[in-house]
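To keep things clear, I will list the structure first and then write my remarks on it.
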Amino acid sequence: MSTTARKIRPVQPVTLIGFGAIGRSIFQRIASNPGVRITHVVVPAEYAETTRTGVGDAAQVCQQVPQEATLVLECAGHSALIEHVIPALERGVECAVLSIGALSGPGVVEQLAQAAEQGGAQVHLLSGAIGGVDAIAAARLAGLDEVRYTGRKPPSGWRDTPAEQVCDLGAITEPTVILEATAREAAQLYPKNANVAATIALAGLGLDATRVRLIADPTVTENIHHIAVRGEFGEMELTMRGKPLADNPKTSALTVLSALRFLNNRAAATTI
Ligand SMILES: NC(=O)C1=CN([C@@H]2O[C@H](COP(=O)(O)OP(=O)(O)OC[C@H]3O[C@@H](n4cnc5c(N)ncnc54)[C@H](O)[C@@H]3O)[C@@H](O)[C@H]2O)C=CC1
Ligand SMILES: O=C([O-])CC(=O)C(=O)O
């Protein structure tokens, strides 16, 4: 009889911040992983009732990250990252975030790093709707010359944004450039549409040296992200044609899957 003891991996408790299109989908899909359990969902008071209906008895709905939290996953928007993630990091809680465009705010990169240092915790910037972040961050180590990002979405993906002042989203019949700017400007102007731009920038040349072009395109049905990178390593080009989530045309379905990948890896013996 073998005397080798087998360690049981403990269930990973997770506090989710936000319960919109991304949060609801993560909550439903992670239920099939017995190694991870969403124990708390943080939402503003006005969302508490509908969120309680959505989670049932499976998790507690609260307005703040609870004291006992050990791992936080943010999918709520720029203001939630500032309001909840920074204090959680200061308390030593590990955090994974999707609202990466929040790092374009004045001093936010430094505040986040300082909070993580103070708490001895790490903050993970998830890849979200884009791929290739690992390659850009690796390539940066040898020096980059140029990083360009183009984000193209159908007109419905630009509703309730400054794009409405640039063109008539309901009437355009051709692809229309709505912004050419730095990644920092794009993330500030389009907090729900330019998180990918900020991610690419932070992985590569930085928020002020990364050029961004945003396009409203009535000829497409997907959220199309194009990245072009040039540097000492060589060159890279990548196009993602992400299907939008049914609940939010601004958000690509891959964003949810990137968060699930992170959570699945937390409970796995081999991570990839
Ligand atoms: N990195 C990436 O590739 C992407 C990142 N995102 C980020 O994820 C965020 C959420 O996306 P969706 O779920 O599609 O948006 P959504 O609008 O469907 O849901 C947002 C939810 O966040 C919650 N919320 C709002 N303010 C909050 C606060 N201060 N504290 C806690 N919860 C709050 C509410 O439950 C709300 O329903 C976006 O605003 C964006 O910042 C979205 C798409 C791609
Ligand atoms: O989900 C997407 O396709 C990208 C997005 O909204 C963002 O970058 O903020």
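Please note that chains go A, B, ... in the order of the structure tokens, that every chain numbers its residues from 1, and that ligands are numbered from 1 in the order shown.
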
List all protein, DNA and RNA residues that have at least one atom no more than 7 Å from any atom of ligand 2, counting only C-alpha atoms and all ligand atoms, and write them as a list in words.
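Protein and nucleic-acid residues within 7 Å of ligand 2: Ala129, Pro191, Lys192, Asn193, Ala194, Asn195, Val196, Ala197, Asn223, Gly242, Pro244, Lys250, Thr251, Ser252 and Thr255 of chain A.
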
Those selected residues, please, written with C-alpha atoms and delivered as a PDB file, in the first residue's frame.
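File selection_0.pdb, as written:
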```pdb
ATOM      1  CA  ALA A 129     -10.433  40.983 -25.215  1.00  0.00           C
ATOM      2  CA  PRO A 191     -13.458  54.081 -20.664  1.00  0.00           C
ATOM      3  CA  LYS A 192     -15.646  51.192 -21.844  1.00  0.00           C
ATOM      4  CA  ASN A 193     -14.014  50.754 -25.249  1.00  0.00           C
ATOM      5  CA  ALA A 194     -10.279  51.369 -24.950  1.00  0.00           C
ATOM      6  CA  ASN A 195      -9.153  49.040 -22.154  1.00  0.00           C
ATOM      7  CA  VAL A 196      -7.406  46.922 -24.783  1.00  0.00           C
ATOM      8  CA  ALA A 197      -5.572  50.011 -26.057  1.00  0.00           C
ATOM      9  CA  ASN A 223     -15.208  43.818 -32.320  1.00  0.00           C
ATOM     10  CA  GLY A 242     -14.150  39.017 -31.183  1.00  0.00           C
ATOM     11  CA  PRO A 244     -19.548  40.723 -28.634  1.00  0.00           C
ATOM     12  CA  LYS A 250     -19.158  47.071 -26.336  1.00  0.00           C
ATOM     13  CA  THR A 251     -17.592  44.002 -24.694  1.00  0.00           C
ATOM     14  CA  SER A 252     -16.059  41.013 -26.490  1.00  0.00           C
ATOM     15  CA  THR A 255     -12.902  39.175 -22.050  1.00  0.00           C
TER      16      THR A 255
END
```

Enumerate, in order of chain and increasing residue number, the residues of region 81-185 of chain A with an atom no farther than 12 Å from region 28-50 of chain A, each with its shortest atom pair and distance in Å to one decimal, counting only C-alpha atoms, as a Markdown table.
```
| residue | atom | partner | partner_atom | distance |
| --- | --- | --- | --- | --- |
| A:Leu81 | CA | A:Val42 | CA | 11.7 |
| A:Glu83 | CA | A:Pro44 | CA | 10.9 |
| A:His84 | CA | A:Val42 | CA | 9.0 |
| A:Val85 | CA | A:Val42 | CA | 11.2 |
```

Would you mind telling me which residue in A:Gln114, A:Thr210, A:Thr51, A:Thr219 lies nearest to Glu185 (chain A) when using only C-alpha atoms?
A:Thr210

Between CA of Arg152 (chain A) and CA of Glu174 (chain A), what is the distance, to one decimal in Å?
12.1 Å

I'd like to know which residues of region 2-247 of chain A are strand (DSSP E or B) (by DSSP, run on the backbone); could you write them as JSON, numbers by chain?
{"A": [12, 13, 14, 15, 16, 17, 36, 37, 38, 39, 40, 41, 42, 60, 61, 62, 71, 72, 73, 74, 94, 95, 96, 97, 123, 124, 125, 144, 145, 146, 147, 148, 149, 150, 151, 152, 153, 176, 177, 178, 179, 180, 181, 182, 211, 212, 213, 214, 215, 216, 223, 224, 225, 226, 227, 228, 229, 230, 231, 234, 235, 236, 237, 238, 239, 240, 241, 242, 244, 245]}

Nearby residues (only C-alpha atoms) at most 8 Å from Gln188 (chain A), same-chain spacing under 3 positions excluded, as a ChimeraX atom specification:
/A:101-102,104-105,184-185,191

Atoms to include: N, CA and C atoms. Write the selected residues as a PDB file, in the first residue's frame.
```
ATOM      1  N   GLY A 101      -7.916  50.424 -18.553  1.00  0.00           N
ATOM      2  CA  GLY A 101      -7.880  51.825 -18.968  1.00  0.00           C
ATOM      3  C   GLY A 101      -7.852  52.786 -17.789  1.00  0.00           C
ATOM      4  N   ALA A 102      -8.264  52.331 -16.608  1.00  0.00           N
ATOM      5  CA  ALA A 102      -8.209  53.196 -15.419  1.00  0.00           C
ATOM      6  C   ALA A 102      -6.780  53.628 -15.111  1.00  0.00           C
ATOM      7  N   SER A 104      -4.836  54.893 -17.012  1.00  0.00           N
ATOM      8  CA  SER A 104      -4.501  56.092 -17.792  1.00  0.00           C
ATOM      9  C   SER A 104      -4.763  57.365 -16.993  1.00  0.00           C
ATOM     10  N   GLY A 105      -5.424  57.248 -15.848  1.00  0.00           N
ATOM     11  CA  GLY A 105      -5.696  58.418 -15.007  1.00  0.00           C
ATOM     12  C   GLY A 105      -4.410  58.935 -14.382  1.00  0.00           C
ATOM     13  N   ARG A 184      -3.337  56.804 -23.914  1.00  0.00           N
ATOM     14  CA  ARG A 184      -3.840  57.473 -22.698  1.00  0.00           C
ATOM     15  C   ARG A 184      -5.108  58.276 -23.003  1.00  0.00           C
ATOM     16  N   GLU A 185      -5.048  59.064 -24.091  1.00  0.00           N
ATOM     17  CA  GLU A 185      -6.225  59.873 -24.462  1.00  0.00           C
ATOM     18  C   GLU A 185      -7.412  58.967 -24.794  1.00  0.00           C
ATOM     19  N   PRO A 191     -13.790  55.008 -21.766  1.00  0.00           N
ATOM     20  CA  PRO A 191     -13.458  54.081 -20.664  1.00  0.00           C
ATOM     21  C   PRO A 191     -14.023  52.676 -20.836  1.00  0.00           C
TER      22      PRO A 191
END
```

Show me, as a PDB file with N, CA and C atoms, in the first residue's frame, the residues that have an atom within 6 Å of region 133-149 of chain A when counting only C-alpha atoms, minus same-chain residues fewer than 6 positions from it.
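Result went into out.pdb, see below:
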```pdb
ATOM      1  N   ALA A 203       1.842  47.025 -21.815  1.00  0.00           N
ATOM      2  CA  ALA A 203       2.730  45.886 -22.092  1.00  0.00           C
ATOM      3  C   ALA A 203       3.927  46.333 -22.923  1.00  0.00           C
ATOM      4  N   GLY A 204       3.713  47.384 -23.739  1.00  0.00           N
ATOM      5  CA  GLY A 204       4.724  47.748 -24.725  1.00  0.00           C
ATOM      6  C   GLY A 204       5.411  49.069 -24.454  1.00  0.00           C
ATOM      7  N   THR A 210       2.058  55.051 -27.481  1.00  0.00           N
ATOM      8  CA  THR A 210       1.312  54.062 -28.269  1.00  0.00           C
ATOM      9  C   THR A 210       0.212  54.768 -29.043  1.00  0.00           C
ATOM     10  N   ARG A 211       0.210  54.616 -30.350  1.00  0.00           N
ATOM     11  CA  ARG A 211      -0.784  55.294 -31.192  1.00  0.00           C
ATOM     12  C   ARG A 211      -2.029  54.427 -31.335  1.00  0.00           C
ATOM     13  N   VAL A 212      -3.177  55.087 -31.234  1.00  0.00           N
ATOM     14  CA  VAL A 212      -4.465  54.378 -31.254  1.00  0.00           C
ATOM     15  C   VAL A 212      -5.383  55.007 -32.287  1.00  0.00           C
ATOM     16  N   HIS A 226      -6.741  45.252 -33.963  1.00  0.00           N
ATOM     17  CA  HIS A 226      -5.526  45.005 -34.749  1.00  0.00           C
ATOM     18  C   HIS A 226      -4.338  45.641 -34.043  1.00  0.00           C
ATOM     19  N   ILE A 227      -3.263  44.861 -33.915  1.00  0.00           N
ATOM     20  CA  ILE A 227      -2.049  45.355 -33.268  1.00  0.00           C
ATOM     21  C   ILE A 227      -0.882  45.193 -34.231  1.00  0.00           C
ATOM     22  N   ALA A 228      -0.055  46.222 -34.324  1.00  0.00           N
ATOM     23  CA  ALA A 228       1.183  46.114 -35.100  1.00  0.00           C
ATOM     24  C   ALA A 228       2.333  46.542 -34.199  1.00  0.00           C
ATOM     25  N   VAL A 229       3.341  45.689 -34.082  1.00  0.00           N
ATOM     26  CA  VAL A 229       4.473  45.941 -33.174  1.00  0.00           C
ATOM     27  C   VAL A 229       5.774  45.728 -33.938  1.00  0.00           C
ATOM     28  N   ARG A 230       6.711  46.629 -33.724  1.00  0.00           N
ATOM     29  CA  ARG A 230       8.030  46.517 -34.354  1.00  0.00           C
ATOM     30  C   ARG A 230       9.090  46.793 -33.312  1.00  0.00           C
ATOM     31  N   GLY A 231      10.156  45.977 -33.317  1.00  0.00           N
ATOM     32  CA  GLY A 231      11.224  46.210 -32.341  1.00  0.00           C
ATOM     33  C   GLY A 231      12.422  45.347 -32.632  1.00  0.00           C
ATOM     34  N   GLU A 232      13.352  45.311 -31.687  1.00  0.00           N
ATOM     35  CA  GLU A 232      14.586  44.543 -31.828  1.00  0.00           C
ATOM     36  C   GLU A 232      14.279  43.048 -32.066  1.00  0.00           C
ATOM     37  N   PHE A 233      13.173  42.560 -31.480  1.00  0.00           N
ATOM     38  CA  PHE A 233      12.816  41.130 -31.598  1.00  0.00           C
ATOM     39  C   PHE A 233      12.387  40.754 -33.018  1.00  0.00           C
TER      40      PHE A 233
END
```

Restricting the calculation to only C-alpha atoms: of A:Ser25, A:Asn265, A:Gln165, A:Thr199, which residue gets closest to Leu98 (chain A)?
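Closest to Leu98 (chain A), using only C-alpha atoms: A:Thr199.
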
Which residues come within 9 Å of Pro87 (chain A), counting only C-alpha atoms, excluding same-chain residues fewer than 6 positions away, as a CSV table (one decimal) with N, CA and C atoms, in the first residue's frame?
```
chain,number,residue,atom,x,y,z
A,65,VAL,N,-15.3,45.4,-0.5
A,65,VAL,CA,-14.6,44.1,-0.5
A,65,VAL,C,-14.5,43.6,1.0
A,93,VAL,N,-4.5,42.1,-0.3
A,93,VAL,CA,-5.4,41.2,-1.1
A,93,VAL,C,-4.9,41.2,-2.5
A,115,ALA,N,0.2,50.7,-3.7
A,115,ALA,CA,-0.7,50.0,-2.9
A,115,ALA,C,-0.3,48.5,-2.8
```

Determine the nearest neighbour of ligand 1 from the options A:Glu94, A:Asp160, A:Glu110, A:Asp217, counting only C-alpha atoms and all ligand atoms.
A:Asp160

Counting only C-alpha atoms and all ligand atoms, which of A:Pro249, A:Gly77, A:Gly92, A:Gly54 gets nearest to ligand 1?
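The closest residue to ligand 1 is A:Gly77.
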
When DSSP works through the backbone of this structure, what residues of region 74-121 of chain A end up as helix (DSSP H, G or I), shown as a PDB file with N, CA and C atoms, in the first residue's frame?
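Writing done, so here's selection25.pdb:
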```pdb
ATOM      1  N   HIS A  78     -13.785  51.711 -14.602  1.00  0.00           N
ATOM      2  CA  HIS A  78     -12.624  52.454 -14.100  1.00  0.00           C
ATOM      3  C   HIS A  78     -12.789  52.909 -12.653  1.00  0.00           C
ATOM      4  N   SER A  79     -13.988  53.442 -12.316  1.00  0.00           N
ATOM      5  CA  SER A  79     -14.156  54.011 -10.971  1.00  0.00           C
ATOM      6  C   SER A  79     -14.069  52.901  -9.906  1.00  0.00           C
ATOM      7  N   ALA A  80     -14.526  51.706 -10.258  1.00  0.00           N
ATOM      8  CA  ALA A  80     -14.482  50.598  -9.291  1.00  0.00           C
ATOM      9  C   ALA A  80     -13.049  50.179  -9.000  1.00  0.00           C
ATOM     10  N   LEU A  81     -12.194  50.291 -10.007  1.00  0.00           N
ATOM     11  CA  LEU A  81     -10.785  49.934  -9.784  1.00  0.00           C
ATOM     12  C   LEU A  81     -10.172  50.883  -8.749  1.00  0.00           C
ATOM     13  N   ILE A  82     -10.475  52.164  -8.894  1.00  0.00           N
ATOM     14  CA  ILE A  82      -9.932  53.147  -7.945  1.00  0.00           C
ATOM     15  C   ILE A  82     -10.558  52.929  -6.559  1.00  0.00           C
ATOM     16  N   GLU A  83     -11.880  52.751  -6.545  1.00  0.00           N
ATOM     17  CA  GLU A  83     -12.617  52.692  -5.268  1.00  0.00           C
ATOM     18  C   GLU A  83     -12.309  51.420  -4.471  1.00  0.00           C
ATOM     19  N   HIS A  84     -12.178  50.285  -5.147  1.00  0.00           N
ATOM     20  CA  HIS A  84     -12.073  49.002  -4.427  1.00  0.00           C
ATOM     21  C   HIS A  84     -10.714  48.311  -4.528  1.00  0.00           C
ATOM     22  N   VAL A  85     -10.092  48.393  -5.705  1.00  0.00           N
ATOM     23  CA  VAL A  85      -8.876  47.588  -5.903  1.00  0.00           C
ATOM     24  C   VAL A  85      -7.697  48.184  -5.136  1.00  0.00           C
ATOM     25  N   ILE A  86      -7.551  49.510  -5.182  1.00  0.00           N
ATOM     26  CA  ILE A  86      -6.415  50.130  -4.487  1.00  0.00           C
ATOM     27  C   ILE A  86      -6.463  49.836  -2.980  1.00  0.00           C
ATOM     28  N   PRO A  87      -7.609  50.056  -2.301  1.00  0.00           N
ATOM     29  CA  PRO A  87      -7.642  49.715  -0.864  1.00  0.00           C
ATOM     30  C   PRO A  87      -7.444  48.220  -0.588  1.00  0.00           C
ATOM     31  N   ALA A  88      -7.945  47.369  -1.468  1.00  0.00           N
ATOM     32  CA  ALA A  88      -7.773  45.919  -1.259  1.00  0.00           C
ATOM     33  C   ALA A  88      -6.290  45.559  -1.330  1.00  0.00           C
ATOM     34  N   LEU A  89      -5.595  46.114  -2.309  1.00  0.00           N
ATOM     35  CA  LEU A  89      -4.156  45.841  -2.433  1.00  0.00           C
ATOM     36  C   LEU A  89      -3.410  46.325  -1.196  1.00  0.00           C
ATOM     37  N   GLU A  90      -3.781  47.499  -0.728  1.00  0.00           N
ATOM     38  CA  GLU A  90      -3.111  48.042   0.479  1.00  0.00           C
ATOM     39  C   GLU A  90      -3.255  47.093   1.658  1.00  0.00           C
ATOM     40  N   ILE A 100      -8.478  48.083 -17.306  1.00  0.00           N
ATOM     41  CA  ILE A 100      -7.072  48.496 -17.332  1.00  0.00           C
ATOM     42  C   ILE A 100      -6.913  49.933 -17.808  1.00  0.00           C
ATOM     43  N   GLY A 101      -7.916  50.424 -18.553  1.00  0.00           N
ATOM     44  CA  GLY A 101      -7.880  51.825 -18.968  1.00  0.00           C
ATOM     45  C   GLY A 101      -7.852  52.786 -17.789  1.00  0.00           C
ATOM     46  N   ALA A 102      -8.264  52.331 -16.608  1.00  0.00           N
ATOM     47  CA  ALA A 102      -8.209  53.196 -15.419  1.00  0.00           C
ATOM     48  C   ALA A 102      -6.780  53.628 -15.111  1.00  0.00           C
ATOM     49  N   LEU A 103      -5.816  52.848 -15.579  1.00  0.00           N
ATOM     50  CA  LEU A 103      -4.411  53.181 -15.314  1.00  0.00           C
ATOM     51  C   LEU A 103      -3.945  54.388 -16.137  1.00  0.00           C
ATOM     52  N   SER A 104      -4.836  54.893 -17.012  1.00  0.00           N
ATOM     53  CA  SER A 104      -4.501  56.092 -17.792  1.00  0.00           C
ATOM     54  C   SER A 104      -4.763  57.365 -16.993  1.00  0.00           C
ATOM     55  N   VAL A 108      -2.343  56.978 -11.511  1.00  0.00           N
ATOM     56  CA  VAL A 108      -2.978  55.699 -11.111  1.00  0.00           C
ATOM     57  C   VAL A 108      -1.998  54.524 -11.189  1.00  0.00           C
ATOM     58  N   VAL A 109      -1.134  54.523 -12.208  1.00  0.00           N
ATOM     59  CA  VAL A 109      -0.135  53.435 -12.306  1.00  0.00           C
ATOM     60  C   VAL A 109       0.690  53.409 -11.020  1.00  0.00           C
ATOM     61  N   GLU A 110       1.113  54.593 -10.590  1.00  0.00           N
ATOM     62  CA  GLU A 110       1.959  54.687  -9.391  1.00  0.00           C
ATOM     63  C   GLU A 110       1.169  54.305  -8.139  1.00  0.00           C
ATOM     64  N   GLN A 111      -0.087  54.781  -8.064  1.00  0.00           N
ATOM     65  CA  GLN A 111      -0.929  54.453  -6.882  1.00  0.00           C
ATOM     66  C   GLN A 111      -1.143  52.951  -6.747  1.00  0.00           C
ATOM     67  N   LEU A 112      -1.377  52.310  -7.880  1.00  0.00           N
ATOM     68  CA  LEU A 112      -1.630  50.864  -7.877  1.00  0.00           C
ATOM     69  C   LEU A 112      -0.366  50.118  -7.431  1.00  0.00           C
ATOM     70  N   ALA A 113       0.765  50.539  -7.984  1.00  0.00           N
ATOM     71  CA  ALA A 113       2.034  49.882  -7.631  1.00  0.00           C
ATOM     72  C   ALA A 113       2.350  50.097  -6.156  1.00  0.00           C
ATOM     73  N   GLN A 114       2.103  51.320  -5.674  1.00  0.00           N
ATOM     74  CA  GLN A 114       2.396  51.659  -4.270  1.00  0.00           C
ATOM     75  C   GLN A 114       1.493  50.852  -3.328  1.00  0.00           C
ATOM     76  N   ALA A 115       0.213  50.726  -3.712  1.00  0.00           N
ATOM     77  CA  ALA A 115      -0.735  49.964  -2.885  1.00  0.00           C
ATOM     78  C   ALA A 115      -0.307  48.498  -2.817  1.00  0.00           C
ATOM     79  N   ALA A 116       0.116  47.949  -3.955  1.00  0.00           N
ATOM     80  CA  ALA A 116       0.551  46.548  -3.993  1.00  0.00           C
ATOM     81  C   ALA A 116       1.821  46.346  -3.160  1.00  0.00           C
ATOM     82  N   GLU A 117       2.743  47.303  -3.263  1.00  0.00           N
ATOM     83  CA  GLU A 117       3.979  47.244  -2.450  1.00  0.00           C
ATOM     84  C   GLU A 117       3.641  47.270  -0.971  1.00  0.00           C
ATOM     85  N   GLN A 118       2.761  48.219  -0.617  1.00  0.00           N
ATOM     86  CA  GLN A 118       2.383  48.402   0.792  1.00  0.00           C
ATOM     87  C   GLN A 118       1.784  47.119   1.370  1.00  0.00           C
ATOM     88  N   GLY A 119       0.915  46.467   0.580  1.00  0.00           N
ATOM     89  CA  GLY A 119       0.239  45.268   1.078  1.00  0.00           C
ATOM     90  C   GLY A 119       1.023  43.995   0.846  1.00  0.00           C
TER      91      GLY A 119
END
```

Between A:Ala216, A:Ala201, A:Ala183, A:Ile130, single out the one closest to ligand 1, counting only C-alpha atoms and all ligand atoms.
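For ligand 1, the nearest of the candidates is A:Ile130.
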